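Colleague: Sharing query.cif here; it has mmCIF, C-alpha atoms.
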```cif
data_upload
#
loop_
_atom_site.group_PDB
_atom_site.id
_atom_site.type_symbol
_atom_site.label_atom_id
_atom_site.label_comp_id
_atom_site.auth_asym_id
_atom_site.auth_seq_id
_atom_site.Cartn_x
_atom_site.Cartn_y
_atom_site.Cartn_z
ATOM 1 C CA ASN E 1 -2.534 -27.615 20.507
ATOM 2 C CA ALA E 2 -2.439 -27.338 16.743
ATOM 3 C CA GLY E 3 -4.165 -23.933 16.900
ATOM 4 C CA VAL E 4 -5.979 -23.003 13.678
ATOM 5 C CA THR E 5 -5.519 -25.374 10.763
ATOM 6 C CA GLN E 6 -6.621 -24.844 7.167
ATOM 7 C CA THR E 7 -6.851 -27.136 4.180
ATOM 8 C CA PRO E 8 -5.903 -27.151 1.394
ATOM 9 C CA LYS E 9 -2.791 -24.982 1.275
ATOM 10 C CA PHE E 10 -3.100 -24.336 -2.439
ATOM 11 C CA ARG E 11 -5.849 -24.821 -5.005
ATOM 12 C CA ILE E 12 -6.471 -23.919 -8.621
ATOM 13 C CA LEU E 13 -10.080 -23.758 -9.782
ATOM 14 C CA LYS E 14 -11.705 -23.194 -13.123
ATOM 15 C CA ILE E 15 -14.361 -20.504 -13.483
ATOM 16 C CA GLY E 16 -17.720 -21.821 -12.296
ATOM 17 C CA GLN E 17 -16.335 -24.639 -10.169
ATOM 18 C CA SER E 18 -17.132 -24.898 -6.497
ATOM 19 C CA MET E 19 -15.055 -25.824 -3.482
ATOM 20 C CA THR E 20 -14.967 -25.726 0.295
ATOM 21 C CA LEU E 21 -12.098 -24.317 2.298
ATOM 22 C CA GLN E 22 -11.774 -26.109 5.592
ATOM 23 C CA CYS E 23 -10.899 -24.498 8.915
ATOM 24 C CA THR E 24 -10.577 -26.152 12.309
ATOM 25 C CA GLN E 25 -9.469 -24.818 15.676
ATOM 26 C CA ASP E 26 -8.749 -26.756 18.847
ATOM 27 C CA MET E 27 -8.662 -23.868 21.327
ATOM 28 C CA ASN E 28 -12.386 -23.996 22.157
ATOM 29 C CA HIS E 29 -12.833 -20.469 20.819
ATOM 30 C CA ASN E 30 -16.378 -19.282 20.319
ATOM 31 C CA TYR E 31 -15.553 -16.814 17.566
ATOM 32 C CA MET E 32 -14.272 -17.682 14.127
ATOM 33 C CA TYR E 33 -13.587 -15.563 11.061
ATOM 34 C CA TRP E 34 -12.785 -15.803 7.378
ATOM 35 C CA TYR E 35 -10.654 -13.168 5.674
ATOM 36 C CA ARG E 36 -9.276 -12.736 2.210
ATOM 37 C CA GLN E 37 -6.001 -11.031 1.439
ATOM 38 C CA ASP E 38 -5.508 -9.640 -2.034
ATOM 39 C CA PRO E 39 -2.007 -8.783 -3.264
ATOM 40 C CA GLY E 40 -0.646 -5.656 -1.596
ATOM 41 C CA MET E 41 -3.783 -5.237 0.482
ATOM 42 C CA GLY E 42 -4.840 -5.762 4.041
ATOM 43 C CA LEU E 43 -7.252 -8.439 5.113
ATOM 44 C CA LYS E 44 -10.953 -8.068 4.401
ATOM 45 C CA LEU E 45 -13.528 -9.863 6.560
ATOM 46 C CA ILE E 46 -15.787 -12.212 4.583
ATOM 47 C CA TYR E 47 -17.894 -13.908 7.268
ATOM 48 C CA TYR E 48 -17.682 -14.504 10.957
ATOM 49 C CA SER E 49 -19.365 -16.684 13.545
ATOM 50 C CA VAL E 50 -19.983 -16.048 17.220
ATOM 51 C CA GLY E 51 -20.761 -19.658 18.023
ATOM 52 C CA ALA E 52 -22.136 -22.888 16.651
ATOM 53 C CA GLY E 53 -25.200 -22.250 14.518
ATOM 54 C CA ILE E 54 -24.636 -18.492 14.255
ATOM 55 C CA THR E 55 -22.966 -16.732 11.347
ATOM 56 C CA ASP E 56 -22.943 -13.194 10.012
ATOM 57 C CA LYS E 57 -21.661 -11.277 7.010
ATOM 58 C CA GLY E 58 -18.491 -9.265 7.056
ATOM 59 C CA GLU E 59 -17.292 -6.641 4.640
ATOM 60 C CA VAL E 60 -17.066 -8.768 1.454
ATOM 61 C CA PRO E 61 -19.512 -11.730 1.697
ATOM 62 C CA ASN E 62 -20.742 -11.898 -1.905
ATOM 63 C CA GLY E 63 -19.927 -15.178 -3.631
ATOM 64 C CA TYR E 64 -19.319 -17.071 -0.390
ATOM 65 C CA ASN E 65 -21.273 -19.113 2.116
ATOM 66 C CA VAL E 66 -20.403 -20.439 5.548
ATOM 67 C CA SER E 67 -21.793 -22.786 8.152
ATOM 68 C CA ARG E 68 -20.902 -23.483 11.773
ATOM 69 C CA SER E 69 -22.284 -26.796 12.953
ATOM 70 C CA THR E 70 -19.612 -27.320 15.631
ATOM 71 C CA THR E 71 -17.411 -25.097 17.769
ATOM 72 C CA GLU E 72 -14.301 -26.443 16.069
ATOM 73 C CA ASP E 73 -15.140 -26.160 12.365
ATOM 74 C CA PHE E 74 -15.967 -23.196 10.152
ATOM 75 C CA PRO E 75 -15.893 -24.124 6.445
ATOM 76 C CA LEU E 76 -16.078 -21.500 3.691
ATOM 77 C CA ARG E 77 -17.913 -22.429 0.502
ATOM 78 C CA LEU E 78 -17.389 -20.952 -2.956
ATOM 79 C CA GLU E 79 -20.287 -21.984 -5.201
ATOM 80 C CA LEU E 80 -19.396 -20.479 -8.580
ATOM 81 C CA ALA E 81 -15.739 -19.529 -8.597
ATOM 82 C CA ALA E 82 -14.803 -16.296 -10.386
ATOM 83 C CA PRO E 83 -11.367 -14.814 -11.151
ATOM 84 C CA SER E 84 -12.123 -12.024 -8.666
ATOM 85 C CA GLN E 85 -11.968 -14.640 -5.930
ATOM 86 C CA THR E 86 -8.305 -15.315 -6.580
ATOM 87 C CA SER E 87 -6.780 -14.497 -3.224
ATOM 88 C CA VAL E 88 -5.229 -15.893 -0.079
ATOM 89 C CA TYR E 89 -7.829 -16.932 2.466
ATOM 90 C CA PHE E 90 -7.184 -16.869 6.190
ATOM 91 C CA CYS E 91 -9.265 -18.374 8.923
ATOM 92 C CA ALA E 92 -8.980 -17.024 12.467
ATOM 93 C CA SER E 93 -10.482 -17.627 15.869
ATOM 94 C CA SER E 94 -10.733 -15.815 19.173
ATOM 95 C CA LEU E 95 -12.378 -15.889 22.542
ATOM 96 C CA ALA E 96 -15.554 -13.854 22.991
ATOM 97 C CA THR E 97 -15.356 -10.701 20.924
ATOM 98 C CA GLY E 98 -17.159 -8.744 23.618
ATOM 99 C CA ASP E 99 -13.720 -8.259 25.130
ATOM 100 C CA LEU E 100 -11.868 -6.169 22.561
ATOM 101 C CA ARG E 101 -8.557 -7.118 24.134
ATOM 102 C CA ASN E 102 -8.777 -10.669 22.853
ATOM 103 C CA GLU E 103 -6.426 -11.363 19.999
ATOM 104 C CA GLN E 104 -7.300 -13.388 16.955
ATOM 105 C CA PHE E 105 -5.282 -16.481 16.096
ATOM 106 C CA PHE E 106 -4.736 -17.102 12.402
ATOM 107 C CA GLY E 107 -4.305 -20.205 10.310
ATOM 108 C CA PRO E 108 -1.536 -20.517 7.692
ATOM 109 C CA GLY E 109 -3.806 -19.597 4.800
ATOM 110 C CA THR E 110 -5.120 -21.142 1.583
ATOM 111 C CA ARG E 111 -3.862 -19.723 -1.693
ATOM 112 C CA LEU E 112 -6.654 -19.957 -4.280
ATOM 113 C CA THR E 113 -6.307 -19.205 -7.968
ATOM 114 C CA VAL E 114 -9.343 -19.112 -10.280
ATOM 115 C CA LEU E 115 -8.577 -19.382 -13.977
ATOM 116 C CA GLY O 1 -16.748 4.197 9.008
ATOM 117 C CA ASP O 2 -13.776 2.545 10.648
ATOM 118 C CA SER O 3 -10.516 2.852 8.764
ATOM 119 C CA VAL O 4 -6.784 2.649 9.244
ATOM 120 C CA THR O 5 -3.984 4.373 7.352
ATOM 121 C CA GLN O 6 -0.650 2.689 7.437
ATOM 122 C CA MET O 7 2.689 3.820 6.074
ATOM 123 C CA GLU O 8 3.180 2.457 2.601
ATOM 124 C CA GLY O 9 6.101 0.236 1.836
ATOM 125 C CA PRO O 10 8.206 -1.361 0.923
ATOM 126 C CA VAL O 11 10.739 -0.309 3.516
ATOM 127 C CA THR O 12 14.345 -1.439 3.190
ATOM 128 C CA LEU O 13 16.745 -0.952 6.084
ATOM 129 C CA SER O 14 20.219 -2.047 6.971
ATOM 130 C CA GLU O 15 20.681 -4.261 9.984
ATOM 131 C CA GLU O 16 20.729 -2.325 13.282
ATOM 132 C CA ALA O 17 18.867 0.651 11.774
ATOM 133 C CA PHE O 18 15.947 2.314 13.555
ATOM 134 C CA LEU O 19 12.464 1.423 12.359
ATOM 135 C CA THR O 20 9.241 3.416 12.456
ATOM 136 C CA ILE O 21 6.032 2.346 10.744
ATOM 137 C CA ASN O 22 3.261 4.903 11.089
ATOM 138 C CA CYS O 23 -0.350 3.961 11.741
ATOM 139 C CA THR O 24 -3.357 6.215 12.275
ATOM 140 C CA TYR O 25 -6.973 5.169 12.535
ATOM 141 C CA THR O 26 -10.568 6.310 12.742
ATOM 142 C CA ALA O 27 -12.964 4.161 14.703
ATOM 143 C CA THR O 28 -16.214 4.390 16.589
ATOM 144 C CA GLY O 29 -15.903 3.965 20.288
ATOM 145 C CA TYR O 30 -12.712 3.084 22.014
ATOM 146 C CA PRO O 31 -10.806 0.469 20.030
ATOM 147 C CA SER O 32 -8.068 -1.871 21.113
ATOM 148 C CA LEU O 33 -5.011 -1.610 18.899
ATOM 149 C CA PHE O 34 -2.938 -4.453 17.510
ATOM 150 C CA TRP O 35 0.113 -4.961 15.365
ATOM 151 C CA TYR O 36 0.288 -8.248 13.496
ATOM 152 C CA VAL O 37 3.303 -9.616 11.621
ATOM 153 C CA GLN O 38 3.286 -11.960 8.637
ATOM 154 C CA TYR O 39 6.508 -13.789 7.893
ATOM 155 C CA PRO O 40 7.002 -15.150 4.369
ATOM 156 C CA GLY O 41 4.654 -18.025 3.596
ATOM 157 C CA GLU O 42 2.931 -17.893 6.976
ATOM 158 C CA GLY O 43 -0.268 -16.619 8.515
ATOM 159 C CA LEU O 44 -0.519 -13.561 10.712
ATOM 160 C CA GLN O 45 0.829 -13.559 14.255
ATOM 161 C CA LEU O 46 0.126 -11.075 16.977
ATOM 162 C CA LEU O 47 3.192 -8.909 17.574
ATOM 163 C CA LEU O 48 1.874 -6.576 20.270
ATOM 164 C CA LYS O 49 -1.242 -4.838 21.465
ATOM 165 C CA ALA O 50 -2.500 -1.949 23.593
ATOM 166 C CA THR O 51 -5.993 -1.693 24.979
ATOM 167 C CA LYS O 52 -6.251 1.794 26.482
ATOM 168 C CA ALA O 53 -4.855 5.272 26.059
ATOM 169 C CA ASP O 54 -1.137 5.686 26.823
ATOM 170 C CA ASP O 55 -0.649 1.921 27.045
ATOM 171 C CA LYS O 56 2.603 0.741 25.486
ATOM 172 C CA GLY O 57 2.665 -2.671 23.844
ATOM 173 C CA SER O 58 6.034 -4.337 23.423
ATOM 174 C CA ASN O 59 7.434 -7.608 22.138
ATOM 175 C CA LYS O 60 10.680 -8.805 20.533
ATOM 176 C CA GLY O 61 12.152 -5.288 20.793
ATOM 177 C CA PHE O 62 9.179 -3.679 19.034
ATOM 178 C CA GLU O 63 7.094 -1.040 20.776
ATOM 179 C CA ALA O 64 3.955 0.966 20.058
ATOM 180 C CA THR O 65 2.096 3.459 22.237
ATOM 181 C CA TYR O 66 -1.670 4.034 22.119
ATOM 182 C CA ARG O 67 -2.060 7.766 21.416
ATOM 183 C CA LYS O 68 -5.740 8.623 21.738
ATOM 184 C CA GLU O 69 -5.276 12.335 21.104
ATOM 185 C CA THR O 70 -3.661 11.698 17.710
ATOM 186 C CA THR O 71 -5.447 8.351 17.050
ATOM 187 C CA SER O 72 -2.115 6.765 16.265
ATOM 188 C CA PHE O 73 -0.255 3.565 17.090
ATOM 189 C CA HIS O 74 3.155 3.834 15.452
ATOM 190 C CA LEU O 75 5.429 0.792 15.521
ATOM 191 C CA GLU O 76 9.098 1.281 16.446
ATOM 192 C CA LYS O 77 12.201 -0.797 16.919
ATOM 193 C CA GLY O 78 15.578 0.555 17.856
ATOM 194 C CA SER O 79 17.747 -1.942 16.000
ATOM 195 C CA VAL O 80 16.268 -4.196 13.336
ATOM 196 C CA GLN O 81 17.595 -7.610 12.402
ATOM 197 C CA VAL O 82 17.456 -9.591 9.177
ATOM 198 C CA SER O 83 14.949 -11.902 10.873
ATOM 199 C CA ASP O 84 12.525 -8.963 11.214
ATOM 200 C CA SER O 85 11.928 -8.997 7.454
ATOM 201 C CA ALA O 86 8.169 -9.471 7.135
ATOM 202 C CA VAL O 87 4.917 -7.638 6.446
ATOM 203 C CA TYR O 88 3.505 -5.651 9.360
ATOM 204 C CA PHE O 89 -0.200 -4.877 9.755
ATOM 205 C CA CYS O 90 -1.766 -2.295 12.005
ATOM 206 C CA ALA O 91 -5.198 -3.506 13.121
ATOM 207 C CA PRO O 92 -7.543 -1.544 15.354
ATOM 208 C CA ARG O 93 -10.430 -3.435 16.823
ATOM 209 C CA ALA O 94 -13.637 -1.541 17.459
ATOM 210 C CA ASN O 95 -16.296 -4.152 16.817
ATOM 211 C CA ASN O 96 -14.478 -6.374 14.412
ATOM 212 C CA LEU O 97 -10.806 -6.222 13.572
ATOM 213 C CA PHE O 98 -9.890 -4.103 10.560
ATOM 214 C CA PHE O 99 -6.541 -4.032 8.879
ATOM 215 C CA GLY O 100 -4.205 -1.603 7.238
ATOM 216 C CA THR O 101 -2.720 -2.508 3.867
ATOM 217 C CA GLY O 102 0.461 -3.787 5.431
ATOM 218 C CA THR O 103 4.044 -2.549 5.267
ATOM 219 C CA ARG O 104 6.672 -4.840 3.854
ATOM 220 C CA LEU O 105 9.990 -4.549 5.675
ATOM 221 C CA THR O 106 13.221 -5.926 4.268
ATOM 222 C CA VAL O 107 16.334 -5.811 6.419
ATOM 223 C CA ILE O 108 19.642 -6.293 4.636
ATOM 224 C CA PRO O 109 22.856 -7.391 6.336
#
```
What does the file become when written as structure tokens?

Modeller:
Amino acid sequence: NAGVTQTPKFRILKIGQSMTLQCTQDMNHNYMYWYRQDPGMGLKLIYYSVGAGITDKGEVPNGYNVSRSTTEDFPLRLELAAPSQTSVYFCASSLATGDLRNEQFFGPGTRLTVL
Amino acid sequence: GDSVTQMEGPVTLSEEAFLTINCTYTATGYPSLFWYVQYPGEGLQLLLKATKADDKGSNKGFEATYRKETTSFHLEKGSVQVSDSAVYFCAPRANNLFFGTGTRLTVIP
């Protein structure tokens, strides 16, 4: 199993550009998550999904969109990039969140810089 | 709302020193408690967890005990190694997972 994979690893955007961060998991997990990690800070939840076709906002959803057309994929879309979105983005997945004991598995991250 | 307070870093220790990283939380309900570790250039990995009061999670020589009465989940290791240099995150899970700010540990030979 590859686990959770993310592409690209690094990206530099200009203000106003758009891009999609890709995330794929091969563990057949129902739940997937997107976090951002700002320097010296913990992770903040952007969006999450409890299954294909179902998504919901996390703590910091503004400026982002997501979709979940398959169990495996959970792309994160930035429509109009702003410098405040400079961060490291992590995708994660887990089994059903109804069981709080289930751990989340994280991808290696995408480092995004908006200039 | 849910929150977690984690000991601020950075922490620098000599090899074989004793490590404690404090973590206290406020959460609705009865959360599960996790410690995640982030090695340089990598994503987060689960280090250990505890799911009910007085449970002790342990892994790779690290331990943490779920203290419901003090809402704490302090991370300890008796003898750190250079390879333990990383950022450590305390992460309670009530509904969703929420993270502390992380504590950067550097172990010097």

Colleague: Assuming the chain letters and numbering stay as they are in my file, what does the PyMOL selection byres ((chain O and resi 41) around 10) actually select? List them as a ChimeraX atom specification.

Modeller: /E:108-109 /O:38-40,42-44,86

Colleague: With distances taken over only C-alpha atoms, which of O:Cys90, O:Leu19, O:Val11, O:Ala27 is nearest to chain E?

Modeller: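 Checking each of O:Cys90, O:Leu19, O:Val11, O:Ala27 against chain E, counting only C-alpha atoms, the winner is O:Cys90.
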
Colleague: Using the chain letters and numbers from the file, give me the residues hit by the PyMOL selection byres ((chain E) within 12 of (chain O)), as number ranges by chain.

Modeller: E: 3-6, 9-10, 31-50, 56-59, 88-94, 96-111

Colleague: Which is closest to Leu13 (chain O) among O:Thr65, O:Asn59, O:Ser85, O:Thr26, if we use only C-alpha atoms?

Modeller: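 That would be O:Ser85, the residue with the smallest distance to Leu13 (chain O).
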
Colleague: E:Leu112, E:Ala82, E:Leu95, E:Ser87: which is nearest Ile15 (chain E), counting all atoms listed in the file?

Modeller: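 Residue with the minimum atom-to-atom distance to Ile15 (chain E): E:Ala82.
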
Colleague: I'd like the contact shell of Thr20 (chain E) - 8 Å cut-off, all atoms listed in the file, skipping same-chain residues fewer than 3 positions apart - returned as a PyMOL selection string.

Modeller: chain E and resi 75-78

Colleague: Limited to C-alpha atoms, could you put the picked residues into a file as a PDB file, keeping the file's coordinate frame?

Modeller:
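Wrote out-v4.pdb, looks like this:
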```
ATOM      1  CA  PRO E  75     -15.893 -24.124   6.445  1.00  0.00           C
ATOM      2  CA  LEU E  76     -16.078 -21.500   3.691  1.00  0.00           C
ATOM      3  CA  ARG E  77     -17.913 -22.429   0.502  1.00  0.00           C
ATOM      4  CA  LEU E  78     -17.389 -20.952  -2.956  1.00  0.00           C
TER       5      LEU E  78
END
```

Colleague: Would you compute the distance between CA of Val114 (chain E) and CA of Ile54 (chain E)? Give it in Å to one decimal.

Modeller: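 Pair CA of Val114 (chain E) / CA of Ile54 (chain E) returns 28.9 Å.
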
Colleague: Would you mind listing what lies within 6 Å of Ala52 (chain E) as a list in words, with only C-alpha atoms counted and same-chain residues fewer than 5 positions away left out?

Modeller: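 Once the nearby chain positions are removed, what remains is Arg68, Ser69, Thr70 and Thr71 of chain E.
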
Colleague: Decode the PyMOL selection byres ((chain E and resi 24) around 7) for the given file into explicit residues and return them as a PDB file with C-alpha atoms, keeping the file's coordinate frame.

Modeller:
```pdb
ATOM      1  CA  VAL E   4      -5.979 -23.003  13.678  1.00  0.00           C
ATOM      2  CA  THR E   5      -5.519 -25.374  10.763  1.00  0.00           C
ATOM      3  CA  GLN E   6      -6.621 -24.844   7.167  1.00  0.00           C
ATOM      4  CA  GLN E  22     -11.774 -26.109   5.592  1.00  0.00           C
ATOM      5  CA  CYS E  23     -10.899 -24.498   8.915  1.00  0.00           C
ATOM      6  CA  GLN E  25      -9.469 -24.818  15.676  1.00  0.00           C
ATOM      7  CA  ASP E  26      -8.749 -26.756  18.847  1.00  0.00           C
ATOM      8  CA  GLU E  72     -14.301 -26.443  16.069  1.00  0.00           C
ATOM      9  CA  ASP E  73     -15.140 -26.160  12.365  1.00  0.00           C
ATOM     10  CA  PHE E  74     -15.967 -23.196  10.152  1.00  0.00           C
TER      11      PHE E  74
END
```

Colleague: Would you compute the distance between CA of Ser18 (chain E) and CA of Glu79 (chain E)? Give it in Å to one decimal.

Modeller: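 So the two atoms, CA of Ser18 (chain E) and CA of Glu79 (chain E), lie 4.5 Å apart.
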
Colleague: CA of Gly16 (chain E) to CA of Leu80 (chain E): how many Å, to one decimal?

Modeller: 4.3 Å

Colleague: Under the rule that all atoms listed in the file are counted, which of E:Ser84, E:Asn1, E:Ser67, E:Gln17 is the nearest residue to Gly51 (chain E)?

Modeller: E:Ser67

Colleague: Rank O:Ser79, O:Ser3, O:Thr71, O:Ser58 by their smallest atom-to-atom distance to Thr20 (chain O), using all atoms listed in the file, and report the top residue only.

Modeller: O:Ser79
